[in-house]
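Novice: One structure coming up, written as structure tokens, with questions to follow.
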Amino acid sequence: MNKKLLALGAVTGVAVGMAIHGYLDVMYKETIPAGLFKRLANKANDKSMEAFGRYTEENKKWVDAQDIEIIDMQSDRGYMLKGYLLSAKEKSNVFVLFAHGYRADHNGDPINFEKYYYDKGYNFMSVDHTAAGESGGDFVGFDYFESQDMLKWIDYIVSRFGEDIKIILHGVSMGGATVCKMADQVPKQVRLIVSDCAYTSALDQFDETARSTGIPRTKELLSVFNFMNKHLAGFDLEHTNVRPHVISARVPMLFVHGGSDDFVPTKMGYELYGLCQAEKDLLIVDGAEHAQSIMIGYDEYTAKLDEFIKKHL
């Protein structure tokens with residue numbers, strides 16, 4: 001065989017292998033060694049997040065001391081999902097349902113809000129999304145699977161606690177996109193949505209990440225990535241676009257974004273706020289990097305939450 005063809009075949013094989021590993025690195029459950037793509041897509045590995053990690057660990061100490069009910073629910077795809085319910089000190093008909101970010105779980109982003117909502121006298125429920133924490137599933141949905149599952153969690157809460165309950169949806173990062181995706185699908189019990197540092201779509205976010213690190217030919221790369229996703233995970237990443245859902249939102253929405261977020265750029269928060277046709281508000285926390293607004297601007301953030309909740313709950 002021609003040596004050039006052999007060489008081309010070898011290079012092509014390596015490229016295909018890298019593409020497959022890169023895809024699994026980002027989309028598959030947390031079972032393979034972290035490679036380049038996962039490190040790019042996961043800010044938890046960034047040294048700038050060390051202080052935030054310590055902040056979360058401190059908040060976790062309080063949560064770990066509480067009586068948390070663990071709940072099992074099966075997804076429409078047949079996977080077992082885990083929910084974690086902290087009941088209010090006194091009986092309350094207000095429930096907060098919290099969506100965590102990429103490669104996190106109920107011990108991640110929700111931890112930093114749990115005491116705030118508990119002190120307000122509300123029930124607080126966080127979940128492990130598909131392929132995260134103790135939940136089943138093989139592939140991350142980047143809001144596609146997660147929004148479907150969160151709607152089932154709402155059904156569970158309503159069926160268990162009654163039609164007259166009030167629900168606040170709150171999400172951070174991928175969780176922020178998840179609650180945006182739900183904005184035009186929620187039942188009457190959902191009174192407001194808090195979306196913190198959400199991306200406009202997974203493909204937009206991948207493109208931003210790739211470009212910021214100098215990866216060439218991102219359009220072609222994302223096309224291959226999405227081709228694999230359709231065949232392996234079973235969904236089109238185009239369907240992670242939250243814009244049409246925000247435009248058609250049924251409930252008031254509060255958008256929060258860090259002013260120094262260079263991972264999910266602050267411009268995405270401005271765009272989603274501008275698109276929303278429901279009652280809305282916007283908080284940009286100066287100096288806050290990705291998902292850090294609650295730490296950097298705690299007083300400002302909670303004051304805005306108090307105001308928005310009082311107005312719309």
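Chain labels A, B, ... are given in the sequence in which chains occur in the structure tokens; within each chain residues are numbered consecutively from 1, and ligands are likewise numbered from 1 in the order shown.
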Which neighbours of segment 176-186 of chain A fall inside 7 Å, counting only C-alpha atoms, when residues of the same chain fewer than 5 positions from it are skipped, and could you give them as a VMD selection string?
Specialist: chain A and resid 143 146 to 147 169 to 171 193 195 to 199 242 245 to 246 248 to 251
Novice: Keeping N, CA and C atoms, export the residues of the selection given above as a tab-separated table (two decimals), in the first residue's frame.
Specialist:
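Full text of again00.tsv as output:
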chain	number	residue	atom	x	y	z
A	143	ASP	N	-28.90	20.87	29.60
A	143	ASP	CA	-30.24	21.44	29.81
A	143	ASP	C	-31.32	20.66	29.07
A	146	GLU	N	-31.93	17.63	31.47
A	146	GLU	CA	-32.12	18.19	32.81
A	146	GLU	C	-33.45	18.92	32.96
A	147	SER	N	-33.84	19.66	31.91
A	147	SER	CA	-35.12	20.38	31.99
A	147	SER	C	-36.30	19.40	32.00
A	169	LEU	N	-38.00	28.29	41.07
A	169	LEU	CA	-36.93	27.58	40.37
A	169	LEU	C	-35.67	28.43	40.40
A	170	HIS	N	-34.55	27.81	40.76
A	170	HIS	CA	-33.28	28.54	40.83
A	170	HIS	C	-32.21	27.63	40.25
A	171	GLY	N	-31.40	28.16	39.36
A	171	GLY	CA	-30.33	27.36	38.76
A	171	GLY	C	-29.09	28.18	38.52
A	193	ILE	N	-38.60	32.44	38.51
A	193	ILE	CA	-37.40	31.72	38.13
A	193	ILE	C	-36.19	32.61	38.36
A	195	SER	N	-32.29	32.67	37.26
A	195	SER	CA	-31.29	32.08	36.37
A	195	SER	C	-29.96	32.78	36.59
A	196	ASP	N	-28.99	32.04	37.11
A	196	ASP	CA	-27.68	32.59	37.46
A	196	ASP	C	-26.64	32.09	36.46
A	197	CYS	N	-26.02	33.00	35.76
A	197	CYS	CA	-24.92	32.77	34.80
A	197	CYS	C	-25.22	31.68	33.77
A	198	ALA	N	-26.41	31.74	33.19
A	198	ALA	CA	-26.82	30.76	32.18
A	198	ALA	C	-26.18	31.07	30.83
A	199	TYR	N	-25.91	30.01	30.06
A	199	TYR	CA	-25.49	30.19	28.68
A	199	TYR	C	-26.73	30.25	27.79
A	242	VAL	N	-31.79	28.06	24.69
A	242	VAL	CA	-32.85	28.46	25.61
A	242	VAL	C	-33.56	29.74	25.18
A	245	HIS	N	-37.42	29.78	24.65
A	245	HIS	CA	-38.14	29.51	25.90
A	245	HIS	C	-38.17	30.74	26.80
A	246	VAL	N	-37.08	31.49	26.79
A	246	VAL	CA	-37.03	32.73	27.57
A	246	VAL	C	-37.97	33.77	26.97
A	248	SER	N	-40.70	33.23	25.52
A	248	SER	CA	-42.09	32.83	25.79
A	248	SER	C	-42.32	32.53	27.27
A	249	ALA	N	-41.47	33.02	28.15
A	249	ALA	CA	-41.56	32.71	29.58
A	249	ALA	C	-42.94	33.02	30.15
A	250	ARG	N	-43.42	32.11	30.98
A	250	ARG	CA	-44.75	32.26	31.59
A	250	ARG	C	-44.70	32.96	32.94
A	251	VAL	N	-43.51	33.06	33.53
A	251	VAL	CA	-43.39	33.57	34.90
A	251	VAL	C	-42.28	34.62	34.96
Novice: Quick one: everything within 12 Å of Glu90 of chain A, counting only C-alpha atoms, minus sequence neighbours fewer than 6 positions away in the same chain. Send it as JSON, numbers by chain.
Specialist: {"A": [118, 119, 120, 121, 122, 123]}
Novice: Find the residues near Arg243 of chain A: any atom within 7 Å, counting only C-alpha atoms, skip ones fewer than 3 places away on the same chain, and give them as an mmCIF file with N, CA and C atoms, in the first residue's frame.
Specialist:
data_model
loop_
_atom_site.group_PDB
_atom_site.id
_atom_site.type_symbol
_atom_site.label_atom_id
_atom_site.label_comp_id
_atom_site.auth_asym_id
_atom_site.auth_seq_id
_atom_site.Cartn_x
_atom_site.Cartn_y
_atom_site.Cartn_z
ATOM 1 N N THR A 200 -26.559 30.765 26.577
ATOM 2 C CA THR A 200 -27.668 30.848 25.631
ATOM 3 C C THR A 200 -27.946 29.513 24.951
ATOM 4 N N VAL A 246 -37.076 31.491 26.793
ATOM 5 C CA VAL A 246 -37.029 32.731 27.574
ATOM 6 C C VAL A 246 -37.966 33.773 26.966
ATOM 7 N N ILE A 247 -38.002 33.853 25.646
ATOM 8 C CA ILE A 247 -38.905 34.789 24.974
ATOM 9 C C ILE A 247 -40.355 34.514 25.358
ATOM 10 N N LEU A 272 -30.095 37.225 27.365
ATOM 11 C CA LEU A 272 -31.282 36.529 27.858
ATOM 12 C C LEU A 272 -32.242 37.490 28.547
#
Novice: Between atom CA of Ile284 of chain A and atom CA of Gly259 of chain A, what is the distance, to one decimal in Å?
Specialist: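 Calculated distance between atom CA of Ile284 of chain A and atom CA of Gly259 of chain A is 5.6 Å.
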Novice: Could you pull out the residues in segment 89-268 of chain A that DSSP calls alpha helix (DSSP H) from the backbone, as a ChimeraX atom specification?
Specialist: /A:111-119,144-161,174-181,202-212,218-232,243-247,266-268
Novice: Could those residues be written to a file, using C-alpha atoms, as a tab-separated table (two decimals), in the first residue's frame?
Specialist:
chain	number	residue	atom	x	y	z
A	111	ILE	CA	-25.12	24.31	48.96
A	112	ASN	CA	-24.45	28.04	48.73
A	113	PHE	CA	-28.15	28.95	48.71
A	114	GLU	CA	-29.67	26.37	51.00
A	115	LYS	CA	-29.36	28.24	54.30
A	116	TYR	CA	-30.60	31.49	52.77
A	117	TYR	CA	-33.85	29.86	51.64
A	118	TYR	CA	-34.15	27.79	54.81
A	119	ASP	CA	-33.88	30.93	56.93
A	144	TYR	CA	-31.94	19.07	27.31
A	145	PHE	CA	-32.32	16.09	29.66
A	146	GLU	CA	-32.12	18.19	32.81
A	147	SER	CA	-35.12	20.38	31.99
A	148	GLN	CA	-37.25	17.30	31.25
A	149	ASP	CA	-36.27	15.75	34.56
A	150	MET	CA	-36.87	18.96	36.52
A	151	LEU	CA	-40.40	19.13	35.14
A	152	LYS	CA	-40.94	15.62	36.50
A	153	TRP	CA	-39.58	16.74	39.87
A	154	ILE	CA	-42.14	19.56	39.85
A	155	ASP	CA	-44.89	17.00	39.18
A	156	TYR	CA	-43.60	14.96	42.09
A	157	ILE	CA	-43.62	17.90	44.49
A	158	VAL	CA	-47.10	19.00	43.44
A	159	SER	CA	-48.56	15.49	43.67
A	160	ARG	CA	-47.04	14.95	47.11
A	161	PHE	CA	-47.62	18.34	48.73
A	174	MET	CA	-25.96	24.76	33.25
A	175	GLY	CA	-28.66	24.81	35.92
A	176	GLY	CA	-29.41	28.41	34.98
A	177	ALA	CA	-29.87	27.33	31.38
A	178	THR	CA	-32.02	24.43	32.59
A	179	VAL	CA	-34.51	26.69	34.38
A	180	CYS	CA	-34.51	29.01	31.34
A	181	LYS	CA	-35.42	26.03	29.16
A	202	ALA	CA	-24.52	24.56	24.75
A	203	LEU	CA	-23.14	25.09	21.24
A	204	ASP	CA	-22.64	28.80	21.97
A	205	GLN	CA	-20.82	27.86	25.15
A	206	PHE	CA	-18.61	25.26	23.46
A	207	ASP	CA	-17.76	27.80	20.78
A	208	GLU	CA	-16.81	30.42	23.39
A	209	THR	CA	-14.65	27.90	25.25
A	210	ALA	CA	-12.89	26.68	22.11
A	211	ARG	CA	-12.23	30.18	20.78
A	212	SER	CA	-10.92	31.43	24.11
A	218	THR	CA	-14.43	25.54	15.81
A	219	LYS	CA	-17.39	25.42	13.42
A	220	GLU	CA	-16.20	22.16	11.89
A	221	LEU	CA	-15.24	20.77	15.29
A	222	LEU	CA	-18.68	21.48	16.75
A	223	SER	CA	-20.36	19.93	13.72
A	224	VAL	CA	-18.48	16.67	14.31
A	225	PHE	CA	-19.16	16.94	18.05
A	226	ASN	CA	-22.89	17.32	17.48
A	227	PHE	CA	-22.92	14.47	14.95
A	228	MET	CA	-21.50	12.16	17.60
A	229	ASN	CA	-23.92	13.49	20.19
A	230	LYS	CA	-26.96	12.74	18.03
A	231	HIS	CA	-25.83	9.13	17.62
A	232	LEU	CA	-24.49	8.47	21.11
A	243	ARG	CA	-33.65	31.70	23.74
A	244	PRO	CA	-37.15	30.75	22.45
A	245	HIS	CA	-38.14	29.51	25.90
A	246	VAL	CA	-37.03	32.73	27.57
A	247	ILE	CA	-38.90	34.79	24.97
A	266	THR	CA	-21.61	38.23	30.81
A	267	LYS	CA	-23.00	39.19	27.41
A	268	MET	CA	-25.09	36.01	27.47
Novice: Quick check, in Å to one decimal: how far apart do atom CA of His129 of chain A and atom CA of Lys82 of chain A lie?
Specialist: 7.8 Å
Novice: Near segment 298-310 of chain A, counting only C-alpha atoms, which residues have an atom at most 8 Å away, once you skip same-chain residues fewer than 5 positions from it, shown as a list in words?
Specialist: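 My reading of the contact set: Tyr116, Leu192, Leu254, Asp281, Leu283, Val285 and Ser293 of chain A.
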Novice: What does the structure give for the distance between atom CA of Val172 of chain A and atom CA of Phe98 of chain A, in Å to one decimal?
Specialist: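 Atom-to-atom, atom CA of Val172 of chain A and atom CA of Phe98 of chain A are spaced 8.4 Å apart.
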Novice: For Glu134 of chain A, which residue among A:Val190, A:Lys29, A:Thr213, A:Ile167 is the nearest when counting only C-alpha atoms?
Specialist: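 Ranked by minimum distance to Glu134 of chain A, first place goes to A:Lys29.
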Novice: I'd like to know which of A:Asp128, A:Val96, A:Lys91, A:Glu50 is closest to Asp72 of chain A, using only C-alpha atoms.
Specialist: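 Closest residue, counting only C-alpha atoms: A:Asp128.
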Novice: Calculated over only C-alpha atoms, which of the candidates A:Gly258, A:Met253, A:Ile294, A:Tyr102 has the smallest distance to Lys280 of chain A?
Specialist: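 That would be A:Met253, the residue with the smallest distance to Lys280 of chain A.
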Novice: Let's see if you can do this: from backbone DSSP, list all strand (DSSP E or B) residues in segment 113-273 of chain A, as a list in words.
Specialist: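 Taking segment 113-273 of chain A and keeping strand (DSSP E or B) only, one gets Asn123, Phe124, Met125, Ser126, Val127, Asp128, Phe139, Lys166, Ile167, Ile168, Leu169, His170, Gly171, Val172, Val190, Arg191, Leu192, Ile193, Val194, Ser195, Asp196, Met253, Leu254, Phe255, Val256, His257 and Gly258 of chain A.
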Novice: Could you save those same residues with N, CA and C atoms as an mmCIF file, in the first residue's frame?
Specialist:
data_model
loop_
_atom_site.group_PDB
_atom_site.id
_atom_site.type_symbol
_atom_site.label_atom_id
_atom_site.label_comp_id
_atom_site.auth_asym_id
_atom_site.auth_seq_id
_atom_site.Cartn_x
_atom_site.Cartn_y
_atom_site.Cartn_z
ATOM 1 N N ASN A 123 -39.116 25.336 52.085
ATOM 2 C CA ASN A 123 -38.576 24.008 51.808
ATOM 3 C C ASN A 123 -37.568 24.140 50.651
ATOM 4 N N PHE A 124 -36.519 23.333 50.708
ATOM 5 C CA PHE A 124 -35.464 23.436 49.687
ATOM 6 C C PHE A 124 -35.160 22.045 49.151
ATOM 7 N N MET A 125 -35.262 21.917 47.832
ATOM 8 C CA MET A 125 -34.966 20.631 47.210
ATOM 9 C C MET A 125 -33.937 20.808 46.102
ATOM 10 N N SER A 126 -32.855 20.071 46.216
ATOM 11 C CA SER A 126 -31.863 20.007 45.141
ATOM 12 C C SER A 126 -31.873 18.592 44.568
ATOM 13 N N VAL A 127 -31.281 18.430 43.412
ATOM 14 C CA VAL A 127 -31.286 17.126 42.749
ATOM 15 C C VAL A 127 -29.903 16.841 42.181
ATOM 16 N N ASP A 128 -29.655 15.587 41.904
ATOM 17 C CA ASP A 128 -28.518 15.204 41.064
ATOM 18 C C ASP A 128 -29.065 14.997 39.656
ATOM 19 N N PHE A 139 -25.061 10.264 29.786
ATOM 20 C CA PHE A 139 -24.637 11.483 29.096
ATOM 21 C C PHE A 139 -25.246 12.722 29.740
ATOM 22 N N LYS A 166 -46.384 26.782 46.246
ATOM 23 C CA LYS A 166 -45.701 27.760 45.398
ATOM 24 C C LYS A 166 -44.257 27.298 45.207
ATOM 25 N N ILE A 167 -43.773 27.410 43.983
ATOM 26 C CA ILE A 167 -42.440 26.896 43.673
ATOM 27 C C ILE A 167 -41.566 28.008 43.089
ATOM 28 N N ILE A 168 -40.336 28.082 43.588
ATOM 29 C CA ILE A 168 -39.299 28.946 43.030
ATOM 30 C C ILE A 168 -38.289 28.034 42.344
ATOM 31 N N LEU A 169 -38.001 28.289 41.067
ATOM 32 C CA LEU A 169 -36.935 27.579 40.367
ATOM 33 C C LEU A 169 -35.670 28.431 40.396
ATOM 34 N N HIS A 170 -34.554 27.811 40.757
ATOM 35 C CA HIS A 170 -33.282 28.536 40.833
ATOM 36 C C HIS A 170 -32.206 27.628 40.250
ATOM 37 N N GLY A 171 -31.397 28.157 39.356
ATOM 38 C CA GLY A 171 -30.335 27.358 38.764
ATOM 39 C C GLY A 171 -29.093 28.181 38.517
ATOM 40 N N VAL A 172 -27.934 27.508 38.543
ATOM 41 C CA VAL A 172 -26.644 28.162 38.325
ATOM 42 C C VAL A 172 -25.932 27.494 37.151
ATOM 43 N N VAL A 190 -45.338 27.209 39.757
ATOM 44 C CA VAL A 190 -44.060 27.923 39.661
ATOM 45 C C VAL A 190 -44.355 29.414 39.550
ATOM 46 N N ARG A 191 -43.866 30.179 40.534
ATOM 47 C CA ARG A 191 -44.182 31.600 40.604
ATOM 48 C C ARG A 191 -43.065 32.492 40.066
ATOM 49 N N LEU A 192 -41.830 32.009 40.092
ATOM 50 C CA LEU A 192 -40.723 32.812 39.584
ATOM 51 C C LEU A 192 -39.519 31.917 39.332
ATOM 52 N N ILE A 193 -38.604 32.440 38.512
ATOM 53 C CA ILE A 193 -37.399 31.716 38.130
ATOM 54 C C ILE A 193 -36.188 32.610 38.360
ATOM 55 N N VAL A 194 -35.131 32.028 38.936
ATOM 56 C CA VAL A 194 -33.853 32.720 39.106
ATOM 57 C C VAL A 194 -32.819 31.986 38.268
ATOM 58 N N SER A 195 -32.292 32.672 37.261
ATOM 59 C CA SER A 195 -31.294 32.080 36.374
ATOM 60 C C SER A 195 -29.960 32.784 36.586
ATOM 61 N N ASP A 196 -28.990 32.038 37.112
ATOM 62 C CA ASP A 196 -27.681 32.587 37.463
ATOM 63 C C ASP A 196 -26.643 32.087 36.462
ATOM 64 N N MET A 253 -38.824 36.429 35.729
ATOM 65 C CA MET A 253 -37.479 35.865 35.723
ATOM 66 C C MET A 253 -36.463 36.890 36.227
ATOM 67 N N LEU A 254 -35.616 36.440 37.136
ATOM 68 C CA LEU A 254 -34.481 37.227 37.608
ATOM 69 C C LEU A 254 -33.214 36.635 37.015
ATOM 70 N N PHE A 255 -32.472 37.448 36.278
ATOM 71 C CA PHE A 255 -31.215 37.016 35.673
ATOM 72 C C PHE A 255 -30.049 37.592 36.480
ATOM 73 N N VAL A 256 -29.118 36.710 36.853
ATOM 74 C CA VAL A 256 -27.937 37.099 37.617
ATOM 75 C C VAL A 256 -26.714 36.678 36.820
ATOM 76 N N HIS A 257 -25.694 37.534 36.790
ATOM 77 C CA HIS A 257 -24.463 37.165 36.098
ATOM 78 C C HIS A 257 -23.287 37.897 36.727
ATOM 79 N N GLY A 258 -22.151 37.229 36.756
ATOM 80 C CA GLY A 258 -20.936 37.869 37.238
ATOM 81 C C GLY A 258 -20.392 38.840 36.215
#
Novice: For each of A:Tyr84, A:Phe95, A:Tyr28, A:Phe52, take the minimum atom-to-atom distance to Asp138 of chain A, counting only C-alpha atoms, then give the residue where this is smallest.
Specialist: A:Tyr28
